[in-house]
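For reference, upload17.cif is printed below; it contains mmCIF, C-alpha atoms and all ligand atoms.
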```
data_run
loop_
_atom_site.group_PDB
_atom_site.id
_atom_site.type_symbol
_atom_site.label_atom_id
_atom_site.label_comp_id
_atom_site.auth_asym_id
_atom_site.auth_seq_id
_atom_site.Cartn_x
_atom_site.Cartn_y
_atom_site.Cartn_z
ATOM 1 C CA MET M 1 35.941 124.207 140.252
ATOM 2 C CA LEU M 2 32.721 125.023 142.046
ATOM 3 C CA PRO M 3 30.375 122.172 143.003
ATOM 4 C CA LEU M 4 26.720 122.967 142.183
ATOM 5 C CA MET M 5 23.514 120.897 142.223
ATOM 6 C CA ILE M 6 21.937 121.196 138.764
ATOM 7 C CA ASP M 7 18.378 120.277 137.882
ATOM 8 C CA VAL M 8 18.512 118.638 134.429
ATOM 9 C CA LYS M 9 14.892 117.427 134.427
ATOM 10 C CA ASN M 10 13.404 117.849 130.921
ATOM 11 C CA ARG M 11 16.574 119.602 129.757
ATOM 12 C CA LEU M 12 18.259 118.529 126.541
ATOM 13 C CA VAL M 13 21.558 116.709 127.098
ATOM 14 C CA VAL M 14 23.431 115.878 123.887
ATOM 15 C CA ILE M 15 25.956 113.048 124.057
ATOM 16 C CA ILE M 16 28.549 112.936 121.270
ATOM 17 C CA GLY M 17 29.816 109.354 120.982
ATOM 18 C CA GLY M 18 28.174 106.018 121.669
ATOM 19 C CA GLY M 19 30.724 103.926 123.571
ATOM 20 C CA LYS M 20 31.051 102.718 127.157
ATOM 21 C CA ILE M 21 31.797 106.161 128.581
ATOM 22 C CA ALA M 22 28.956 107.820 126.655
ATOM 23 C CA TYR M 23 26.644 105.180 128.130
ATOM 24 C CA ARG M 24 27.930 105.750 131.686
ATOM 25 C CA ARG M 25 27.327 109.486 131.381
ATOM 26 C CA LEU M 26 23.913 109.264 129.738
ATOM 27 C CA SER M 27 22.681 106.742 132.347
ATOM 28 C CA VAL M 28 23.220 109.358 135.056
ATOM 29 C CA PHE M 29 21.391 112.106 133.153
ATOM 30 C CA LEU M 30 18.567 109.752 132.148
ATOM 31 C CA LYS M 31 18.016 108.815 135.783
ATOM 32 C CA GLN M 32 17.713 112.503 136.623
ATOM 33 C CA GLY M 33 14.967 112.977 134.015
ATOM 34 C CA ALA M 34 16.930 114.732 131.239
ATOM 35 C CA LYS M 35 16.043 114.409 127.548
ATOM 36 C CA ILE M 36 18.919 112.535 125.912
ATOM 37 C CA LYS M 37 20.086 112.819 122.311
ATOM 38 C CA VAL M 38 23.003 110.620 121.244
ATOM 39 C CA ILE M 39 25.005 111.543 118.139
ATOM 40 C CA SER M 40 27.231 108.711 116.955
ATOM 41 C CA PRO M 41 27.718 106.523 113.859
ATOM 42 C CA HIS M 42 27.881 103.443 116.132
ATOM 43 C CA VAL M 43 26.509 102.765 119.598
ATOM 44 C CA ILE M 44 27.006 99.898 122.051
ATOM 45 C CA ASP M 45 24.113 97.482 122.635
ATOM 46 C CA GLU M 46 23.082 99.132 125.922
ATOM 47 C CA ILE M 47 22.437 102.404 124.075
ATOM 48 C CA SER M 48 20.624 100.825 121.137
ATOM 49 C CA PHE M 49 18.440 98.978 123.664
ATOM 50 C CA LEU M 50 17.439 102.285 125.320
ATOM 51 C CA HIS M 51 16.818 103.731 121.858
ATOM 52 C CA ALA M 52 14.562 100.783 120.957
ATOM 53 C CA GLN M 53 12.611 101.484 124.163
ATOM 54 C CA SER M 54 12.240 105.164 123.118
ATOM 55 C CA GLN M 55 14.121 106.286 126.223
ATOM 56 C CA LEU M 56 16.472 108.404 124.143
ATOM 57 C CA GLU M 57 16.951 109.838 120.661
ATOM 58 C CA TRP M 58 19.816 108.539 118.523
ATOM 59 C CA LYS M 59 21.138 110.191 115.367
ATOM 60 C CA GLN M 60 23.309 107.650 113.591
ATOM 61 C CA LYS M 61 25.919 110.014 112.167
ATOM 62 C CA GLU M 62 29.082 111.932 112.922
ATOM 63 C CA ALA M 63 28.474 115.076 114.941
ATOM 64 C CA ASP M 64 28.104 118.486 113.394
ATOM 65 C CA LYS M 65 27.446 121.873 114.996
ATOM 66 C CA GLU M 66 23.685 121.791 114.425
ATOM 67 C CA ASP M 67 23.370 118.649 116.581
ATOM 68 C CA PHE M 68 24.203 120.406 119.830
ATOM 69 C CA LYS M 69 23.262 124.041 119.281
ATOM 70 C CA ASP M 70 20.124 123.723 121.486
ATOM 71 C CA ALA M 71 21.702 121.576 124.197
ATOM 72 C CA PHE M 72 21.606 122.631 127.840
ATOM 73 C CA LEU M 73 24.615 120.366 128.422
ATOM 74 C CA ILE M 74 26.925 118.657 125.933
ATOM 75 C CA VAL M 75 29.049 115.593 126.653
ATOM 76 C CA ALA M 76 31.921 114.912 124.243
ATOM 77 C CA ALA M 77 32.824 111.245 124.710
ATOM 78 C CA THR M 78 34.180 110.098 121.365
ATOM 79 C CA ASP M 79 37.477 108.226 121.039
ATOM 80 C CA SER M 80 38.862 111.136 119.020
ATOM 81 C CA LYS M 81 40.629 113.923 120.918
ATOM 82 C CA GLU M 82 40.227 116.149 117.861
ATOM 83 C CA VAL M 83 36.448 115.689 117.707
ATOM 84 C CA ASN M 84 36.068 116.245 121.465
ATOM 85 C CA ALA M 85 38.185 119.407 121.322
ATOM 86 C CA TRP M 86 36.185 120.635 118.313
ATOM 87 C CA VAL M 87 32.928 120.183 120.286
ATOM 88 C CA ALA M 88 34.393 122.262 123.138
ATOM 89 C CA ARG M 89 35.373 125.009 120.696
ATOM 90 C CA GLU M 90 32.059 125.078 118.851
ATOM 91 C CA ALA M 91 29.844 125.042 121.947
ATOM 92 C CA GLY M 92 28.070 128.319 122.683
ATOM 93 C CA GLU M 93 29.507 130.413 125.487
ATOM 94 C CA HIS M 94 26.412 129.806 127.648
ATOM 95 C CA GLN M 95 26.387 126.030 127.213
ATOM 96 C CA LEU M 96 27.688 123.481 129.702
ATOM 97 C CA VAL M 97 30.324 121.162 128.215
ATOM 98 C CA ASN M 98 31.874 117.990 129.625
ATOM 99 C CA LEU M 99 34.783 116.229 127.920
ATOM 100 C CA ALA M 100 35.222 112.624 129.004
ATOM 101 C CA GLY M 101 38.911 112.757 128.098
ATOM 102 C CA GLU M 102 40.455 116.208 128.337
ATOM 103 C CA SER M 103 38.097 117.703 130.864
ATOM 104 C CA GLU M 104 40.067 120.951 131.144
ATOM 105 C CA LEU M 105 38.797 121.952 127.685
ATOM 106 C CA GLY M 106 35.200 121.923 128.980
ATOM 107 C CA ASN M 107 33.529 123.734 131.880
ATOM 108 C CA VAL M 108 31.931 120.785 133.716
ATOM 109 C CA GLN M 109 33.488 117.754 135.417
ATOM 110 C CA VAL M 110 31.543 114.778 136.671
ATOM 111 C CA PRO M 111 32.385 113.805 140.266
ATOM 112 C CA SER M 112 31.820 110.403 141.814
ATOM 113 C CA PHE M 113 28.558 110.651 143.734
ATOM 114 C CA HIS M 114 25.955 108.747 145.732
ATOM 115 C CA GLN M 115 22.423 109.862 146.317
ATOM 116 C CA ARG M 116 19.714 108.587 148.614
ATOM 117 C CA GLY M 117 16.697 110.504 149.806
ATOM 118 C CA ARG M 118 17.768 114.086 150.356
ATOM 119 C CA LEU M 119 21.456 113.310 150.851
ATOM 120 C CA THR M 120 23.972 113.667 148.060
ATOM 121 C CA LEU M 121 27.663 113.002 148.632
ATOM 122 C CA ALA M 122 30.047 113.820 145.798
ATOM 123 C CA VAL M 123 33.832 113.528 145.623
ATOM 124 C CA SER M 124 36.062 115.153 143.051
ATOM 125 C CA THR M 125 39.814 114.742 142.711
ATOM 126 C CA ASP M 126 39.943 117.082 139.706
ATOM 127 C CA GLY M 127 41.185 114.201 137.588
ATOM 128 C CA ALA M 128 44.026 113.212 139.959
ATOM 129 C CA SER M 129 42.465 109.779 140.443
ATOM 130 C CA PRO M 130 38.900 108.957 139.350
ATOM 131 C CA SER M 131 39.296 105.538 141.015
ATOM 132 C CA LEU M 132 40.182 107.142 144.335
ATOM 133 C CA ALA M 133 37.191 109.491 143.999
ATOM 134 C CA LYS M 134 35.000 106.422 143.543
ATOM 135 C CA ASP M 135 36.476 104.650 146.615
ATOM 136 C CA LEU M 136 36.205 107.753 148.796
ATOM 137 C CA SER M 137 32.602 108.495 147.901
ATOM 138 C CA GLU M 138 31.681 104.868 148.616
ATOM 139 C CA GLN M 139 33.448 104.938 151.988
ATOM 140 C CA LEU M 140 31.725 108.180 152.981
ATOM 141 C CA PHE M 141 28.326 106.991 151.872
ATOM 142 C CA ASN M 142 28.568 103.671 153.701
ATOM 143 C CA GLN M 143 28.717 105.545 157.020
ATOM 144 C CA PHE M 144 25.017 106.319 156.860
ATOM 145 C CA ASP M 145 22.333 103.816 157.773
ATOM 146 C CA ASP M 146 18.521 103.656 157.395
ATOM 147 C CA VAL M 147 17.996 105.554 160.672
ATOM 148 C CA PHE M 148 19.935 108.503 159.291
ATOM 149 C CA PHE M 149 17.773 108.755 156.197
ATOM 150 C CA ASP M 150 14.565 108.608 158.262
ATOM 151 C CA ARG M 151 15.888 111.391 160.484
ATOM 152 C CA LEU M 152 16.878 113.509 157.530
ATOM 153 C CA GLU M 153 13.353 113.254 156.137
ATOM 154 C CA ASP M 154 11.934 114.207 159.566
ATOM 155 C CA LEU M 155 14.275 117.199 159.674
ATOM 156 C CA PHE M 156 13.069 118.324 156.275
ATOM 157 C CA ASN M 157 9.424 118.169 157.352
ATOM 158 C CA GLU M 158 9.976 119.875 160.708
ATOM 159 C CA ARG M 159 11.980 122.642 159.086
ATOM 160 C CA LYS M 160 9.237 123.201 156.502
ATOM 161 C CA LYS M 161 6.691 123.664 159.327
ATOM 162 C CA ILE M 162 8.884 126.176 161.148
ATOM 163 C CA LYS M 163 9.500 128.142 157.953
ATOM 164 C CA ALA M 164 5.771 128.317 157.180
ATOM 165 C CA SER M 165 4.775 129.333 160.737
ATOM 166 C CA ASP M 166 3.869 132.891 161.807
ATOM 167 C CA LEU M 167 6.604 132.939 164.433
ATOM 168 C CA HIS M 168 8.954 135.896 164.699
ATOM 169 C CA GLN M 169 12.118 135.538 162.580
ATOM 170 C CA ASP M 170 14.333 135.315 165.697
ATOM 171 C CA GLU M 171 12.188 132.531 167.136
ATOM 172 C CA LYS M 172 12.326 130.669 163.807
ATOM 173 C CA GLN M 173 16.126 130.901 163.811
ATOM 174 C CA ARG M 174 16.230 129.609 167.413
ATOM 175 C CA LEU M 175 14.005 126.642 166.596
ATOM 176 C CA LEU M 176 15.931 125.806 163.441
ATOM 177 C CA LYS M 177 19.198 125.772 165.370
ATOM 178 C CA GLN M 178 17.606 123.621 168.065
ATOM 179 C CA LEU M 179 16.443 121.212 165.394
ATOM 180 C CA VAL M 180 19.987 120.659 164.169
ATOM 181 C CA ARG M 181 21.305 120.181 167.724
ATOM 182 C CA LYS M 182 18.565 117.645 168.405
ATOM 183 C CA ALA M 183 19.462 115.813 165.256
ATOM 184 C CA GLN M 184 23.190 115.736 165.912
ATOM 185 C CA GLY M 185 23.186 112.425 167.698
ATOM 186 C CA PRO M 186 24.893 109.339 166.406
ATOM 187 C CA TRP M 187 23.774 109.974 162.817
ATOM 188 C CA SER M 188 25.598 107.105 161.368
ATOM 189 C CA ALA M 189 26.042 103.408 161.808
ATOM 190 C CA PRO M 190 28.733 102.475 164.358
ATOM 191 C CA THR M 191 31.881 101.508 162.497
ATOM 192 C CA ASP M 192 32.152 98.100 164.210
ATOM 193 C CA ARG M 193 28.782 96.965 162.838
HETATM 194 C C1 LIG O 201 38.079 114.309 134.475
HETATM 195 C C2 LIG O 201 37.063 113.175 134.491
HETATM 196 C C3 LIG O 201 36.049 113.358 133.396
HETATM 197 C C4 LIG O 201 34.999 114.399 133.653
HETATM 198 O O1 LIG O 201 35.269 115.599 133.552
HETATM 199 O O2 LIG O 201 33.887 114.044 133.939
HETATM 200 C C5 LIG O 201 37.650 111.789 134.265
HETATM 201 C C6 LIG O 201 38.646 111.509 133.367
HETATM 202 C C7 LIG O 201 39.270 110.273 133.144
HETATM 203 N N1 LIG O 201 38.955 109.103 133.791
HETATM 204 C C8 LIG O 201 39.774 108.099 133.367
HETATM 205 C C9 LIG O 201 39.791 106.771 133.837
HETATM 206 C C10 LIG O 201 38.889 106.188 134.763
HETATM 207 N N2 LIG O 201 37.724 106.774 135.222
HETATM 208 C C11 LIG O 201 37.108 105.937 136.079
HETATM 209 C C12 LIG O 201 35.887 106.182 136.730
HETATM 210 C C13 LIG O 201 35.207 107.394 136.816
HETATM 211 N N3 LIG O 201 35.641 108.567 136.305
HETATM 212 C C14 LIG O 201 34.849 109.582 136.703
HETATM 213 C C15 LIG O 201 35.078 110.924 136.485
HETATM 214 C C16 LIG O 201 36.103 111.514 135.813
HETATM 215 N N4 LIG O 201 36.996 110.874 135.007
HETATM 216 C C17 LIG O 201 36.374 112.988 135.839
HETATM 217 C C18 LIG O 201 37.280 113.348 137.016
HETATM 218 C C19 LIG O 201 36.716 112.918 138.365
HETATM 219 C C20 LIG O 201 37.696 112.986 139.497
HETATM 220 O O3 LIG O 201 38.902 112.824 139.382
HETATM 221 O O4 LIG O 201 37.212 113.238 140.606
HETATM 222 C C21 LIG O 201 33.697 109.079 137.536
HETATM 223 C C22 LIG O 201 33.862 109.632 138.958
HETATM 224 C C23 LIG O 201 32.343 109.492 137.030
HETATM 225 C C24 LIG O 201 32.052 108.981 135.623
HETATM 226 O O5 LIG O 201 32.890 108.952 134.765
HETATM 227 O O6 LIG O 201 30.892 108.592 135.440
HETATM 228 C C25 LIG O 201 33.870 107.543 137.458
HETATM 229 C C26 LIG O 201 33.687 106.772 138.759
HETATM 230 C C27 LIG O 201 32.286 106.200 138.737
HETATM 231 C C28 LIG O 201 31.720 105.959 140.076
HETATM 232 O O7 LIG O 201 31.912 106.727 141.004
HETATM 233 O O8 LIG O 201 30.953 104.975 140.183
HETATM 234 C C29 LIG O 201 37.891 104.749 136.190
HETATM 235 C C30 LIG O 201 37.536 103.577 137.121
HETATM 236 C C31 LIG O 201 36.310 102.841 136.701
HETATM 237 O O9 LIG O 201 35.854 102.933 135.564
HETATM 238 O O10 LIG O 201 35.855 102.078 137.567
HETATM 239 C C32 LIG O 201 39.007 104.896 135.353
HETATM 240 C C33 LIG O 201 40.188 103.915 135.155
HETATM 241 C C34 LIG O 201 41.137 103.987 136.348
HETATM 242 C C35 LIG O 201 41.733 105.366 136.625
HETATM 243 O O11 LIG O 201 42.344 105.962 135.723
HETATM 244 O O12 LIG O 201 41.577 105.842 137.774
HETATM 245 C C36 LIG O 201 40.635 108.628 132.357
HETATM 246 C C37 LIG O 201 41.725 107.868 131.633
HETATM 247 C C38 LIG O 201 41.119 107.333 130.321
HETATM 248 C C39 LIG O 201 42.128 106.685 129.418
HETATM 249 O O13 LIG O 201 42.893 105.823 129.873
HETATM 250 O O14 LIG O 201 42.123 107.067 128.229
HETATM 251 C C40 LIG O 201 40.288 109.976 132.206
HETATM 252 C C41 LIG O 201 40.861 110.975 131.240
HETATM 253 C C42 LIG O 201 42.072 111.666 131.765
HETATM 254 O O15 LIG O 201 42.378 111.640 132.964
HETATM 255 O O16 LIG O 201 42.734 112.281 130.933
HETATM 256 N N1 LIG O 202 35.681 109.812 132.137
HETATM 257 C C1 LIG O 202 36.104 108.594 132.269
HETATM 258 O O1 LIG O 202 35.872 107.984 133.276
HETATM 259 C C2 LIG O 202 36.855 107.931 131.175
HETATM 260 C C3 LIG O 202 37.050 108.620 130.023
HETATM 261 N N2 LIG O 202 37.632 108.034 128.960
HETATM 262 C C4 LIG O 202 37.697 108.859 127.729
HETATM 263 O O2 LIG O 202 36.456 108.687 127.032
HETATM 264 C C5 LIG O 202 36.699 108.410 125.650
HETATM 265 C C6 LIG O 202 35.645 107.463 125.122
HETATM 266 O O3 LIG O 202 35.826 106.203 125.698
HETATM 267 P P1 LIG O 202 34.954 104.914 125.259
HETATM 268 O O4 LIG O 202 33.522 105.194 125.426
HETATM 269 O O5 LIG O 202 35.531 103.741 125.965
HETATM 270 O O6 LIG O 202 35.323 104.863 123.680
HETATM 271 P P2 LIG O 202 34.717 103.938 122.515
HETATM 272 O O7 LIG O 202 35.811 103.747 121.527
HETATM 273 O O8 LIG O 202 34.033 102.759 123.086
HETATM 274 O O9 LIG O 202 33.581 104.844 121.867
HETATM 275 C C7 LIG O 202 33.830 105.940 121.055
HETATM 276 C C8 LIG O 202 32.521 106.332 120.384
HETATM 277 O O10 LIG O 202 32.698 107.579 119.691
HETATM 278 C C9 LIG O 202 31.985 107.517 118.472
HETATM 279 N N3 LIG O 202 32.511 108.529 117.537
HETATM 280 C C10 LIG O 202 33.722 108.551 116.933
HETATM 281 N N4 LIG O 202 33.828 109.643 116.136
HETATM 282 C C11 LIG O 202 32.666 110.323 116.257
HETATM 283 C C12 LIG O 202 32.153 111.535 115.673
HETATM 284 N N5 LIG O 202 32.885 112.256 114.802
HETATM 285 N N6 LIG O 202 30.909 111.946 116.032
HETATM 286 C C13 LIG O 202 30.171 111.217 116.880
HETATM 287 N N7 LIG O 202 30.602 110.063 117.452
HETATM 288 C C14 LIG O 202 31.823 109.623 117.137
HETATM 289 C C15 LIG O 202 32.159 106.085 118.003
HETATM 290 O O11 LIG O 202 31.146 105.711 117.082
HETATM 291 C C16 LIG O 202 32.031 105.333 119.338
HETATM 292 O O12 LIG O 202 30.659 105.061 119.607
HETATM 293 C C17 LIG O 202 38.122 107.841 125.633
HETATM 294 O O13 LIG O 202 38.758 108.181 124.433
HETATM 295 C C18 LIG O 202 38.816 108.489 126.831
HETATM 296 O O14 LIG O 202 39.434 109.701 126.435
HETATM 297 C C19 LIG O 202 38.000 106.742 129.021
HETATM 298 C C20 LIG O 202 37.870 105.980 130.169
HETATM 299 C C21 LIG O 202 37.305 106.564 131.352
#
```
Would it be possible to restate this file's structure as structure tokens?
Ligand SMILES: C[C@@]1(CC(=O)O)c2cc3[nH]c(cc4nc(cc5[nH]c(cc(n2)[C@H]1CCC(=O)O)[C@@](C)(CC(=O)O)[C@@H]5CCC(=O)O)C(CC(=O)O)=C4CCC(=O)O)c(CCC(=O)O)c3CC(=O)O
Ligand SMILES: NC(=O)C1=CN([C@@H]2O[C@H](COP(=O)(O)OP(=O)(O)OC[C@H]3O[C@@H](n4cnc5c(N)ncnc54)[C@H](O)[C@@H]3O)[C@@H](O)[C@H]2O)C=CC1
Amino acid sequence: MLPLMIDVKNRLVVIIGGGKIAYRRLSVFLKQGAKIKVISPHVIDEISFLHAQSQLEWKQKEADKEDFKDAFLIVAATDSKEVNAWVAREAGEHQLVNLAGESELGNVQVPSFHQRGRLTLAVSTDGASPSLAKDLSEQLFNQFDDVFFDRLEDLFNERKKIKASDLHQDEKQRLLKQLVRKAQGPWSAPTDR
């Protein structure tokens, strides 16, 4: 599978199911600014709380095709394999589909990831061990300290200036390479700290 960064801001994400896993998925999309619609006869308290705060839409019913026809991304997270597989079959060929259980029936998998500032680290084990993916992404992320994130922001700003300058393309390339070399110091916190 190919890792991509996807902007879901203001996009419709339809979550089929209202349990613990549905909540874990929708929390991620909500944080990224997606519009969330939950389709489920029952939802856990955390979801009904968000609904009461108008942070998401909730249709209290079993899913049918109409519910997800306009979705940018569909998450099937019911406790029924049959329902989840049906969602995967009925989804349009241009829609993104994630199945919390049998992910191979969909076309999107959710990796374990950490994000701060402009850095995103994601780990996928393709379902071999979600727990290991979680541990690995935590270990990798913990290597970076506050200094790193300040430097990364500086890099972003300096690079923007070089890109916008009237310098010759070759000179821009030279400066951009120099920028990376300059930045390649001890990026991360020493391990004995
Ligand atoms: C295929 C995938 C779904 C997809 O496509 O998205 C999938 C599938 C399944 N997970 C299961 C179990 C667990 N999943 C977790 C945790 C996470 N699972 C996540 C992703 C994925 N899980 C995708 C593959 C990612 C990969 O492998 O790299 C994370 C990264 C993201 C997220 O879910 O939000 C999140 C870490 C959150 C974080 O990083 O913080 C834990 C541990 C815990 O909850 O702490 C357990 C219990 C222990 C264990 O089993 O390891 C089961 C068995 C269910 C059953 O028993 O019925 C299935 C189904 C199956 O394998 O058939
Ligand atoms: N990706 C992951 O990390 C994990 C995935 N899973 C998978 O996710 C599935 C869901 O897990 P939980 O949230 O714990 O289950 P749960 O039993 O807490 O929730 C299931 C939800 O599906 C809803 N539902 C049932 N039939 C429906 C229908 N026809 N239309 C709409 N909604 C319907 C129920 O009302 C309920 O809200 C599990 O069956 C398992 O396959 C489980 C653990 C971890």
If the limit is 9 Å from any atom of ligand LIG 202 (chain O), counting only C-alpha atoms and all ligand atoms, which residues qualify? Return them as a ChimeraX atom specification. /M:15-25,38-44,60-64,76-84,99-103,109-110,127,130-131
Å distance separating atom CA of Ser124 of chain M from atom C18 of ligand LIG 201 (chain O), one decimal place: 6.4 Å
Nearest to Phe113 of chain M: which of M:Leu167, M:Leu140, M:Val13, M:Leu175 is it, counting all atoms listed in the file? M:Leu140
Please expand the PyMOL selection byres (((chain M and resi 89) around 12) and not hetatm) into the concrete residues it hits in this file, giving the result as JSON, numbers by chain. {"M": [65, 74, 76, 82, 83, 84, 85, 86, 87, 88, 90, 91, 92, 93, 95, 96, 97, 98, 99, 105, 106, 107]}
Keeping only C-alpha atoms, write those residues as a tab-separated table (two decimals), keeping the file's coordinate frame.
```
chain	number	residue	atom	x	y	z
M	65	LYS	CA	27.45	121.87	115.00
M	74	ILE	CA	26.92	118.66	125.93
M	76	ALA	CA	31.92	114.91	124.24
M	82	GLU	CA	40.23	116.15	117.86
M	83	VAL	CA	36.45	115.69	117.71
M	84	ASN	CA	36.07	116.24	121.46
M	85	ALA	CA	38.18	119.41	121.32
M	86	TRP	CA	36.18	120.64	118.31
M	87	VAL	CA	32.93	120.18	120.29
M	88	ALA	CA	34.39	122.26	123.14
M	90	GLU	CA	32.06	125.08	118.85
M	91	ALA	CA	29.84	125.04	121.95
M	92	GLY	CA	28.07	128.32	122.68
M	93	GLU	CA	29.51	130.41	125.49
M	95	GLN	CA	26.39	126.03	127.21
M	96	LEU	CA	27.69	123.48	129.70
M	97	VAL	CA	30.32	121.16	128.22
M	98	ASN	CA	31.87	117.99	129.62
M	99	LEU	CA	34.78	116.23	127.92
M	105	LEU	CA	38.80	121.95	127.68
M	106	GLY	CA	35.20	121.92	128.98
M	107	ASN	CA	33.53	123.73	131.88
```
Any idea what's packed within 9 Å of segment 133-139 of chain M, counting only C-alpha atoms, ignoring anything in its chain fewer than 2 positions away? Could you give it as a list in words?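 My list of contacting residues is Pro111, Ser112, Phe113, His114, Leu121, Ala122, Val123, Ser124, Thr125, Gly127, Ala128, Ser129, Pro130, Ser131, Phe141, Asn142 and Gln143 of chain M.
If only C-alpha atoms and all ligand atoms are the atoms counted, then among M:Ala52, M:Leu4, M:Val28, M:Leu12 the closest residue to ligand LIG 201 (chain O) is M:Val28.
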State, in Å with one decimal place, the distance from atom C38 of ligand LIG 201 (chain O) to atom CA of Arg116 of chain M. 28.2 Å
Let me know the centre plus edge lengths, in Å and rounded to one decimal, of a box with edges along x, y and z that contains all listed atoms of ligand LIG 201 (chain O) and is padded by 8 Å on every side, as AutoDock Vina command-line options.
```
--center_x 36.9 --center_y 108.8 --center_z 134.6 --size_x 28.0 --size_y 29.5 --size_z 28.8
```
Starting from the displayed file, determine the output of the PyMOL selection byres (((chain M and resi 71) around 6) and not hetatm) and express the residue list as a PyMOL selection string. chain M and resi 12-14+68-70+72-73
By how many Å are atom C17 of ligand LIG 201 (chain O) and atom CA of Gln115 of chain M apart?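 It comes out at 17.7 Å.
Among the candidates M:Ile162, M:Leu50, M:Leu132, M:Gly117, the one nearest to Asp145 of chain M when counting only C-alpha atoms is M:Gly117.
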Under the rule that only C-alpha atoms and all ligand atoms are counted, which of M:Leu176, M:Val8, M:Leu26, M:Ala164 is the nearest residue to ligand LIG 201 (chain O)?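 Using only C-alpha atoms and all ligand atoms, the shortest distance to ligand LIG 201 (chain O) belongs to M:Leu26.
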For ligand LIG 201 (chain O), which residue among M:Lys31, M:Val147, M:Lys37, M:Val75 is the nearest when counting only C-alpha atoms and all ligand atoms?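 Among the listed residues, the smallest separation from ligand LIG 201 (chain O) belongs to M:Val75.
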I need the residue nearest ligand LIG 201 (chain O) from this list: M:Asp154, M:Asp146, M:Phe49, M:Glu104. Use all atoms listed in the file for the distance.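 Using all atoms listed in the file, the shortest distance to ligand LIG 201 (chain O) belongs to M:Glu104.
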Take the PyMOL selection byres (((chain M and resi 34) around 7) and not hetatm), apply it to the structure above, and return the hits as a ChimeraX atom specification. /M:8-13,29-30,32-33,35-36
